[in-house]
$ cat work_24.txt   # compact mmCIF, C-alpha atoms
# COMPACT_ATOMS: atom_id res chain seq x y z
CA MET E 1 84.08 2.00 -44.43
CA ASN E 2 86.18 4.92 -45.69
CA ILE E 3 85.87 8.39 -44.18
CA THR E 4 87.31 11.39 -46.04
CA GLN E 5 87.74 14.68 -44.20
CA LEU E 6 87.11 17.44 -46.74
CA ARG E 7 86.93 20.65 -44.67
CA ASN E 8 85.47 21.67 -41.29
CA ALA E 9 82.37 19.46 -40.78
CA THR E 10 82.17 18.36 -44.42
CA VAL E 11 82.96 14.66 -44.61
CA VAL E 12 82.28 11.81 -47.05
CA VAL E 13 81.42 8.43 -45.50
CA ALA E 14 81.85 5.69 -48.10
CA TYR E 15 80.46 2.17 -48.01
CA ASP E 16 80.71 -0.25 -50.94
CA ASP E 17 77.72 1.15 -52.88
CA CYS E 18 76.79 4.22 -50.83
CA ARG E 19 78.58 7.55 -50.35
CA ILE E 20 77.14 9.93 -47.74
CA LEU E 21 78.12 13.60 -47.84
CA ILE E 22 77.87 15.17 -44.37
CA ASP E 23 77.10 18.90 -43.93
CA PRO E 24 78.36 20.27 -47.26
CA MET E 25 80.06 23.65 -47.01
CA LEU E 26 81.46 23.90 -50.54
CA ALA E 27 82.08 27.65 -50.87
CA ASP E 28 85.33 29.00 -52.21
CA GLN E 29 87.88 30.25 -49.71
CA GLY E 30 86.77 33.64 -48.32
CA ALA E 31 83.23 33.56 -49.77
CA ILE E 32 81.49 33.79 -46.36
CA PRO E 33 81.76 36.75 -43.92
CA PRO E 34 83.75 36.44 -40.68
CA PHE E 35 82.13 34.94 -37.59
CA LYS E 36 84.34 37.06 -35.32
CA TRP E 37 84.28 40.83 -35.80
CA LEU E 38 86.01 42.25 -32.70
CA THR E 39 89.51 41.41 -33.83
CA GLY E 40 92.25 43.31 -35.55
CA GLN E 41 92.70 40.58 -38.13
CA ARG E 42 89.30 39.64 -39.49
CA ARG E 43 89.29 36.65 -41.80
CA ARG E 44 86.55 35.70 -44.20
CA ASN E 45 85.38 32.09 -44.20
CA PRO E 46 86.26 29.45 -44.99
CA ILE E 47 89.87 30.40 -44.29
CA VAL E 48 91.21 27.52 -46.42
CA PRO E 49 90.18 26.14 -49.83
CA LEU E 50 88.69 22.72 -50.39
CA PRO E 51 91.49 20.16 -50.72
CA ASP E 52 92.75 18.67 -53.95
CA GLY E 53 90.66 15.70 -55.02
CA THR E 54 87.38 17.10 -53.66
CA ALA E 55 85.64 16.87 -57.05
CA GLU E 56 86.49 13.18 -57.34
CA HIS E 57 85.12 12.44 -53.87
CA LEU E 58 81.91 14.40 -54.57
CA ALA E 59 81.36 12.69 -57.92
CA SER E 60 80.49 9.39 -56.21
CA VAL E 61 78.11 10.83 -53.57
CA THR E 62 74.72 9.06 -53.38
CA HIS E 63 73.19 10.75 -50.28
CA ALA E 64 73.64 13.78 -48.05
CA LEU E 65 73.10 13.96 -44.30
CA ILE E 66 72.47 17.28 -42.52
CA THR E 67 73.03 17.78 -38.78
CA HIS E 68 71.59 21.33 -38.71
CA CYS E 69 71.23 24.18 -41.17
CA ARG E 70 68.75 26.87 -40.06
CA LYS E 71 69.44 30.29 -38.49
CA GLY E 72 72.50 31.02 -40.58
CA HIS E 73 74.52 27.87 -39.95
CA VAL E 74 76.22 28.17 -43.33
CA ASP E 75 79.26 26.30 -42.09
CA HIS E 76 77.15 23.13 -42.36
CA LEU E 77 75.12 23.89 -45.48
CA ASP E 78 76.05 26.93 -47.55
CA ARG E 79 74.72 28.24 -50.85
CA ALA E 80 77.33 26.37 -52.84
CA GLY E 81 76.49 23.11 -51.07
CA THR E 82 72.77 23.67 -51.54
CA ARG E 83 73.22 24.38 -55.24
CA TRP E 84 75.40 21.30 -55.69
CA LEU E 85 72.82 19.03 -54.03
CA ARG E 86 69.91 20.56 -55.95
CA GLU E 87 71.56 20.34 -59.37
CA ARG E 88 72.35 16.65 -58.89
CA GLY E 89 69.09 15.66 -57.20
CA ILE E 90 70.94 14.08 -54.28
CA PRO E 91 68.59 12.67 -51.58
CA VAL E 92 69.11 14.73 -48.42
CA LEU E 93 68.52 13.01 -45.06
CA CYS E 94 67.54 15.35 -42.24
CA MET E 95 65.51 15.78 -39.07
CA PRO E 96 61.85 16.94 -39.29
CA ASP E 97 62.65 20.47 -38.07
CA ASP E 98 64.93 21.05 -41.07
CA ALA E 99 62.71 19.47 -43.73
CA ASP E 100 60.69 22.54 -44.82
CA PHE E 101 63.80 24.74 -44.83
CA LEU E 102 65.49 22.32 -47.22
CA ARG E 103 62.44 21.72 -49.41
CA LYS E 104 62.06 25.47 -49.97
CA ARG E 105 65.56 25.40 -51.46
CA GLY E 106 64.55 22.77 -53.96
CA LEU E 107 66.25 19.82 -52.31
CA LYS E 108 65.10 16.22 -52.44
CA VAL E 109 64.36 15.63 -48.76
CA GLN E 110 64.12 12.33 -46.91
CA VAL E 111 62.99 12.90 -43.31
CA LEU E 112 64.42 10.79 -40.49
CA ASN E 113 62.47 9.81 -37.38
CA ALA E 114 62.78 12.36 -34.59
CA GLU E 115 62.65 9.57 -32.02
CA GLY E 116 64.27 6.20 -32.53
CA ALA E 117 65.89 4.59 -35.54
CA THR E 118 65.09 5.09 -39.23
CA PRO E 119 65.81 2.19 -41.62
CA PHE E 120 68.52 3.11 -44.09
CA ARG E 121 70.19 0.83 -46.62
CA ASN E 122 71.35 -2.25 -44.68
CA GLY E 123 70.82 -0.82 -41.23
CA HIS E 124 69.57 2.22 -39.34
CA ILE E 125 70.24 5.87 -38.53
CA THR E 126 69.41 7.02 -34.99
CA PRO E 127 69.46 10.71 -33.93
CA ILE E 128 71.50 11.82 -30.91
CA PRO E 129 70.68 15.31 -29.52
CA CYS E 130 73.29 18.07 -29.69
CA LEU E 131 73.85 21.02 -27.36
CA HIS E 132 75.29 23.77 -29.58
CA GLY E 133 76.49 26.00 -26.76
CA GLU E 134 75.24 26.79 -23.26
CA GLY E 135 73.93 29.93 -21.56
CA TRP E 136 72.60 32.89 -23.49
CA ILE E 137 74.65 32.10 -26.61
CA GLY E 138 73.13 28.62 -26.73
CA ARG E 139 69.64 30.12 -26.87
CA LEU E 140 70.55 31.76 -30.20
CA MET E 141 71.66 28.49 -31.81
CA VAL E 142 69.91 25.68 -33.63
CA HIS E 143 71.11 22.71 -31.63
CA GLY E 144 70.49 20.02 -34.24
CA HIS E 145 71.34 16.35 -33.96
CA GLY E 146 74.18 13.97 -34.40
CA TYR E 147 73.61 10.49 -35.79
CA TYR E 148 74.47 6.92 -34.87
CA ILE E 149 74.72 4.89 -38.07
CA GLU E 150 74.62 1.10 -38.17
CA GLN E 151 75.20 -0.84 -41.39
CA ALA E 152 75.38 -4.63 -41.69
CA GLY E 153 78.96 -5.84 -41.89
CA GLU E 154 80.41 -2.34 -41.38
CA PRO E 155 81.83 -0.51 -38.35
CA SER E 156 79.23 1.47 -36.41
CA LEU E 157 79.62 5.24 -36.75
CA TYR E 158 78.64 8.16 -34.52
CA ILE E 159 78.62 11.61 -36.14
CA ALA E 160 78.39 14.06 -33.27
CA GLY E 161 77.28 17.25 -35.03
CA ASP E 162 77.90 20.67 -33.44
CA THR E 163 77.85 20.14 -29.70
CA VAL E 164 79.65 20.65 -26.44
CA LEU E 165 80.24 17.57 -24.30
CA THR E 166 76.92 16.30 -22.90
CA ASP E 167 75.49 13.31 -21.06
CA ASP E 168 73.79 12.23 -24.32
CA MET E 169 77.21 12.00 -25.93
CA ARG E 170 78.69 10.14 -22.99
CA ARG E 171 75.82 7.63 -23.07
CA CYS E 172 76.24 7.12 -26.80
CA ILE E 173 79.95 6.42 -26.37
CA THR E 174 79.68 4.17 -23.32
CA GLU E 175 76.41 2.34 -24.08
CA ARG E 176 76.26 2.10 -27.88
CA LYS E 177 80.06 1.80 -28.13
CA PRO E 178 80.47 3.07 -31.71
CA ASP E 179 83.48 1.71 -33.55
CA VAL E 180 84.19 5.17 -34.97
CA SER E 181 83.08 8.63 -33.80
CA ILE E 182 83.44 11.90 -35.72
CA VAL E 183 83.52 14.73 -33.20
CA PRO E 184 83.96 18.53 -33.34
CA ALA E 185 87.15 19.74 -31.70
CA GLY E 186 87.67 23.35 -32.78
CA GLY E 187 86.39 25.10 -29.65
CA ALA E 188 84.33 27.52 -31.75
CA ALA E 189 83.28 30.73 -30.02
CA MET E 190 81.90 34.07 -31.14
CA ASP E 191 83.17 37.45 -29.90
CA PHE E 192 81.13 36.96 -26.70
CA GLY E 193 79.68 33.97 -24.89
CA ALA E 194 80.68 30.39 -24.14
CA GLU E 195 82.13 27.87 -26.57
CA LEU E 196 79.70 26.47 -29.13
CA ILE E 197 81.36 23.10 -29.71
CA MET E 198 83.86 20.89 -27.93
CA ASP E 199 87.45 22.02 -27.63
CA ASP E 200 90.61 19.95 -27.27
CA GLU E 201 90.07 19.29 -23.55
CA GLN E 202 86.51 17.99 -24.00
CA VAL E 203 87.43 15.85 -27.00
CA LEU E 204 90.26 14.20 -25.09
CA ALA E 205 87.91 13.54 -22.17
CA LEU E 206 85.38 11.92 -24.49
CA ALA E 207 88.02 9.81 -26.23
CA ALA E 208 89.21 8.55 -22.84
CA LEU E 209 85.69 7.19 -22.20
CA GLY E 210 85.40 5.22 -25.40
CA SER E 211 86.79 2.04 -26.83
CA GLY E 212 86.60 2.91 -30.53
CA ALA E 213 88.38 5.39 -32.79
CA PHE E 214 87.65 9.12 -32.69
CA ILE E 215 88.08 11.48 -35.64
CA ALA E 216 88.45 15.15 -34.76
CA ASN E 217 87.22 17.76 -37.23
CA HIS E 218 86.05 21.41 -37.26
CA LEU E 219 89.74 22.30 -37.29
CA GLU E 220 91.65 25.10 -39.06
CA ALA E 221 88.83 25.99 -41.46
CA LEU E 222 86.82 28.79 -39.78
CA ASP E 223 87.91 32.00 -38.11
CA HIS E 224 86.14 31.21 -34.82
CA CYS E 225 87.66 27.74 -34.31
CA PRO E 226 91.02 28.37 -32.58
CA VAL E 227 92.25 24.82 -31.80
CA PRO E 228 95.20 23.84 -34.05
CA ARG E 229 95.69 20.28 -35.24
CA SER E 230 99.26 20.27 -33.93
CA VAL E 231 98.12 21.04 -30.38
CA LEU E 232 95.44 18.35 -30.38
CA ARG E 233 97.85 15.74 -31.75
CA GLN E 234 100.46 16.62 -29.14
CA GLN E 235 97.96 16.41 -26.30
CA ALA E 236 96.70 13.05 -27.56
CA ARG E 237 100.26 11.73 -27.52
CA GLU E 238 100.87 13.03 -24.01
CA GLN E 239 97.69 11.35 -22.72
CA GLY E 240 98.32 8.05 -24.48
CA LEU E 241 95.39 8.55 -26.88
CA ALA E 242 97.27 9.02 -30.15
CA GLN E 243 96.16 5.62 -31.49
CA ARG E 244 92.52 6.33 -30.65
CA LEU E 245 92.14 10.05 -31.42
CA LEU E 246 92.80 10.66 -35.11
CA VAL E 247 93.31 14.19 -36.45
CA PRO E 248 93.19 13.99 -40.26
CA ASP E 249 94.29 16.73 -42.61
CA ASP E 250 91.80 18.09 -45.12
CA GLY E 251 91.59 15.66 -48.02
CA GLN E 252 92.81 12.67 -45.99
CA THR E 253 90.93 9.35 -46.12
CA LEU E 254 90.80 6.95 -43.18
CA SER E 255 89.74 3.30 -43.60
CA PHE E 256 88.01 1.11 -41.01
CA VAL E 257 86.96 -2.54 -40.99
CA ARG E 258 84.72 -4.37 -38.58
$ encode --input "work_24.txt" --output "C-alpha cells"
Amino acid sequence: MNITQLRNATVVVAYDDCRILIDPMLADQGAIPPFKWLTGQRRRNPIVPLPDGTAEHLASVTHALITHCRKGHVDHLDRAGTRWLRERGIPVLCMPDDADFLRKRGLKVQVLNAEGATPFRNGHITPIPCLHGEGWIGRLMVHGHGYYIEQAGEPSLYIAGDTVLTDDMRRCITERKPDVSIVPAGGAAMDFGAELIMDDEQVLALAALGSGAFIANHLEALDHCPVPRSVLRQQAREQGLAQRLLVPDDGQTLSFVR
C-alpha cells in the first residue's frame, strides 16, 4: 500500500490495481477566498500549489472517496476536483447524506452504508463518525465521516476525516488497531470559535494510544491551519513518537506492507 500526500486532505491511496483519491481539492494556488478575514495578512487558498508529479499520480486514479463536501467545505471537494472527477467518470464513494449533492454535480456516485461495513474490492469500508468542531462553531459544520478500510493482504487503513479528538477515534485506534492512520493535524480555526480539527497536541495524544503508523496532514496548505510541519516533527521526536508519527511533505509517497 502506497500513500501519497498531495496537499491538505488530498491523498492518493494506491493498491496493486486500485488507486483511491481522497477529498480532491485541485484548485490552483490562491483560487479560493480566505477562511480567516480578521487578519492584517489575508491569504487566499490554497496557499501552496499542488506538488510536482501530481498529474502522474492522478492519471492512475480508479476511485474517489469523500469524507464530507456540503456547506462550503471546498477544502475537501472544490470545483476543480469536481470537474476532474466528472470529466473522467471516476466512481465516487460517499456517505448517503452527500449522495444527492454529488449527483447534482454530475458525478458517478457509489453510496456506502451509513451503518456497518460496505464491501469494496477485496475487503470492506466502514464509516467512523467525525466531530468537526465543538460548541457553536461545530453546529455550523458538516461533520462527515472518516473511514476504516480493510483489504485482503494489505495493511488496514483509517482515514480520520475532519475531526477533533473523540471517543470514536480512540475506540477505532485501540479496538480496530489500524496499521496506518491518516489524521488531520493543522489545528484549523476560523476568526472566532474553537478548533475545527485536531492540532499537534491532540495528534500526539492519539499517536501515543496506537500501535500502528500515523500520517499527519492538513498542514501548511490553508490559511486557517496554523500548525507547522517543523513543530509537529520536533514534538514527535521529543515524545519518542518520531518513528510512529510521520509528517510527509506535499508530493511525498510512503509505502507500507502487512
$ closest_residue --input "work_24.txt" --among "E:Ala80, E:Val203, E:Ala185, E:Ala194" --to "Arg244 in chain E" --atoms "all atoms listed in the file"
E:Val203
$ closest_residue --input "work_24.txt" --among "E:Pro24, E:Pro129, E:Pro119, E:Gly193" --to "Ala160 in chain E" --atoms "all atoms listed in the file"
E:Pro129
$ atom_distance --input "work_24.txt" --atom1 "CA of Val183 in chain E" --atom2 "CA of Ala216 in chain E"
5.2 Å
$ closest_atom_pairs --input "work_24.txt" --of "range 50-141 of chain E" --to "range 165-169 of chain E" --cutoff "8 Å" --atoms "all atoms listed in the file" --output "CSV"
residue,atom,partner,partner_atom,distance
E:Ile128,CA,E:Asp168,CA,7.0
E:Pro129,CA,E:Asp168,CA,6.8
E:Cys130,CA,E:Thr166,CA,7.9
E:Leu131,CA,E:Thr166,CA,7.2
$ write_last_selection --input "work_24.txt" --atoms "C-alpha atoms" --output "compact mmCIF listing (two decimals), in the coordinates of the input"
# COMPACT_ATOMS: atom_id res chain seq x y z
CA ILE E 128 71.50 11.82 -30.91
CA PRO E 129 70.68 15.31 -29.52
CA CYS E 130 73.29 18.07 -29.69
CA LEU E 131 73.85 21.02 -27.36
$ atom_distance --input "work_24.txt" --atom1 "CA of Thr62 in chain E" --atom2 "CA of Cys94 in chain E"
14.7 Å
$ atom_distance --input "work_24.txt" --atom1 "CA of Thr4 in chain E" --atom2 "CA of Asp249 in chain E"
9.4 Å
$ closest_residue --input "work_24.txt" --among "E:Gly144, E:Lys108, E:Leu65, E:Ser255" --to "Ile125 in chain E" --atoms "all atoms listed in the file"
E:Leu65
$ closest_residue --input "work_24.txt" --among "E:Gly161, E:Pro51, E:Pro184, E:Gly251" --to "Cys69 in chain E" --atoms "only C-alpha atoms"
E:Gly161
$ decode --input "work_24.txt" --residues "range 75-95 of chain E" --atoms "N, CA and C atoms" --output "PDB file, in the first residue's frame"
ATOM      1  N   ASP E  75     -12.407  22.775   0.768  1.00  0.00           N
ATOM      2  CA  ASP E  75     -11.064  22.255   1.007  1.00  0.00           C
ATOM      3  C   ASP E  75     -11.032  20.731   0.957  1.00  0.00           C
ATOM      4  N   HIS E  76     -12.195  20.103   0.734  1.00  0.00           N
ATOM      5  CA  HIS E  76     -12.257  18.652   0.572  1.00  0.00           C
ATOM      6  C   HIS E  76     -12.826  18.235  -0.776  1.00  0.00           C
ATOM      7  N   LEU E  77     -13.570  19.089  -1.410  1.00  0.00           N
ATOM      8  CA  LEU E  77     -14.000  18.882  -2.794  1.00  0.00           C
ATOM      9  C   LEU E  77     -14.304  20.249  -3.376  1.00  0.00           C
ATOM     10  N   ASP E  78     -13.426  20.739  -4.233  1.00  0.00           N
ATOM     11  CA  ASP E  78     -13.620  22.060  -4.826  1.00  0.00           C
ATOM     12  C   ASP E  78     -14.108  21.914  -6.269  1.00  0.00           C
ATOM     13  N   ARG E  79     -14.317  23.036  -6.929  1.00  0.00           N
ATOM     14  CA  ARG E  79     -14.818  22.991  -8.307  1.00  0.00           C
ATOM     15  C   ARG E  79     -13.858  22.274  -9.238  1.00  0.00           C
ATOM     16  N   ALA E  80     -12.571  22.518  -9.045  1.00  0.00           N
ATOM     17  CA  ALA E  80     -11.586  21.857  -9.903  1.00  0.00           C
ATOM     18  C   ALA E  80     -11.599  20.346  -9.684  1.00  0.00           C
ATOM     19  N   GLY E  81     -11.713  19.913  -8.430  1.00  0.00           N
ATOM     20  CA  GLY E  81     -11.792  18.487  -8.147  1.00  0.00           C
ATOM     21  C   GLY E  81     -13.056  17.859  -8.698  1.00  0.00           C
ATOM     22  N   THR E  82     -14.177  18.570  -8.557  1.00  0.00           N
ATOM     23  CA  THR E  82     -15.445  18.078  -9.090  1.00  0.00           C
ATOM     24  C   THR E  82     -15.378  17.924 -10.605  1.00  0.00           C
ATOM     25  N   ARG E  83     -14.848  18.942 -11.265  1.00  0.00           N
ATOM     26  CA  ARG E  83     -14.723  18.886 -12.728  1.00  0.00           C
ATOM     27  C   ARG E  83     -13.818  17.739 -13.157  1.00  0.00           C
ATOM     28  N   TRP E  84     -12.724  17.547 -12.463  1.00  0.00           N
ATOM     29  CA  TRP E  84     -11.794  16.472 -12.813  1.00  0.00           C
ATOM     30  C   TRP E  84     -12.467  15.105 -12.684  1.00  0.00           C
ATOM     31  N   LEU E  85     -13.201  14.887 -11.613  1.00  0.00           N
ATOM     32  CA  LEU E  85     -13.902  13.613 -11.414  1.00  0.00           C
ATOM     33  C   LEU E  85     -14.985  13.397 -12.465  1.00  0.00           C
ATOM     34  N   ARG E  86     -15.745  14.464 -12.746  1.00  0.00           N
ATOM     35  CA  ARG E  86     -16.844  14.356 -13.713  1.00  0.00           C
ATOM     36  C   ARG E  86     -16.324  14.059 -15.114  1.00  0.00           C
ATOM     37  N   GLU E  87     -15.293  14.748 -15.546  1.00  0.00           N
ATOM     38  CA  GLU E  87     -14.781  14.567 -16.901  1.00  0.00           C
ATOM     39  C   GLU E  87     -14.223  13.173 -17.126  1.00  0.00           C
ATOM     40  N   ARG E  88     -13.748  12.533 -16.080  1.00  0.00           N
ATOM     41  CA  ARG E  88     -13.148  11.203 -16.217  1.00  0.00           C
ATOM     42  C   ARG E  88     -14.083  10.075 -15.806  1.00  0.00           C
ATOM     43  N   GLY E  89     -15.266  10.424 -15.310  1.00  0.00           N
ATOM     44  CA  GLY E  89     -16.228   9.404 -14.908  1.00  0.00           C
ATOM     45  C   GLY E  89     -15.738   8.533 -13.776  1.00  0.00           C
ATOM     46  N   ILE E  90     -14.982   9.110 -12.854  1.00  0.00           N
ATOM     47  CA  ILE E  90     -14.423   8.345 -11.737  1.00  0.00           C
ATOM     48  C   ILE E  90     -15.534   7.981 -10.743  1.00  0.00           C
ATOM     49  N   PRO E  91     -15.679   6.724 -10.347  1.00  0.00           N
ATOM     50  CA  PRO E  91     -16.656   6.375  -9.308  1.00  0.00           C
ATOM     51  C   PRO E  91     -16.301   7.077  -7.992  1.00  0.00           C
ATOM     52  N   VAL E  92     -17.304   7.710  -7.379  1.00  0.00           N
ATOM     53  CA  VAL E  92     -17.086   8.494  -6.167  1.00  0.00           C
ATOM     54  C   VAL E  92     -17.816   7.815  -5.010  1.00  0.00           C
ATOM     55  N   LEU E  93     -17.071   7.321  -4.037  1.00  0.00           N
ATOM     56  CA  LEU E  93     -17.631   6.679  -2.859  1.00  0.00           C
ATOM     57  C   LEU E  93     -17.937   7.745  -1.817  1.00  0.00           C
ATOM     58  N   CYS E  94     -19.131   7.660  -1.216  1.00  0.00           N
ATOM     59  CA  CYS E  94     -19.520   8.687  -0.250  1.00  0.00           C
ATOM     60  C   CYS E  94     -20.589   8.136   0.688  1.00  0.00           C
ATOM     61  N   MET E  95     -20.900   8.918   1.720  1.00  0.00           N
ATOM     62  CA  MET E  95     -21.977   8.577   2.632  1.00  0.00           C
ATOM     63  C   MET E  95     -23.317   9.020   2.035  1.00  0.00           C
TER      64      MET E  95
END
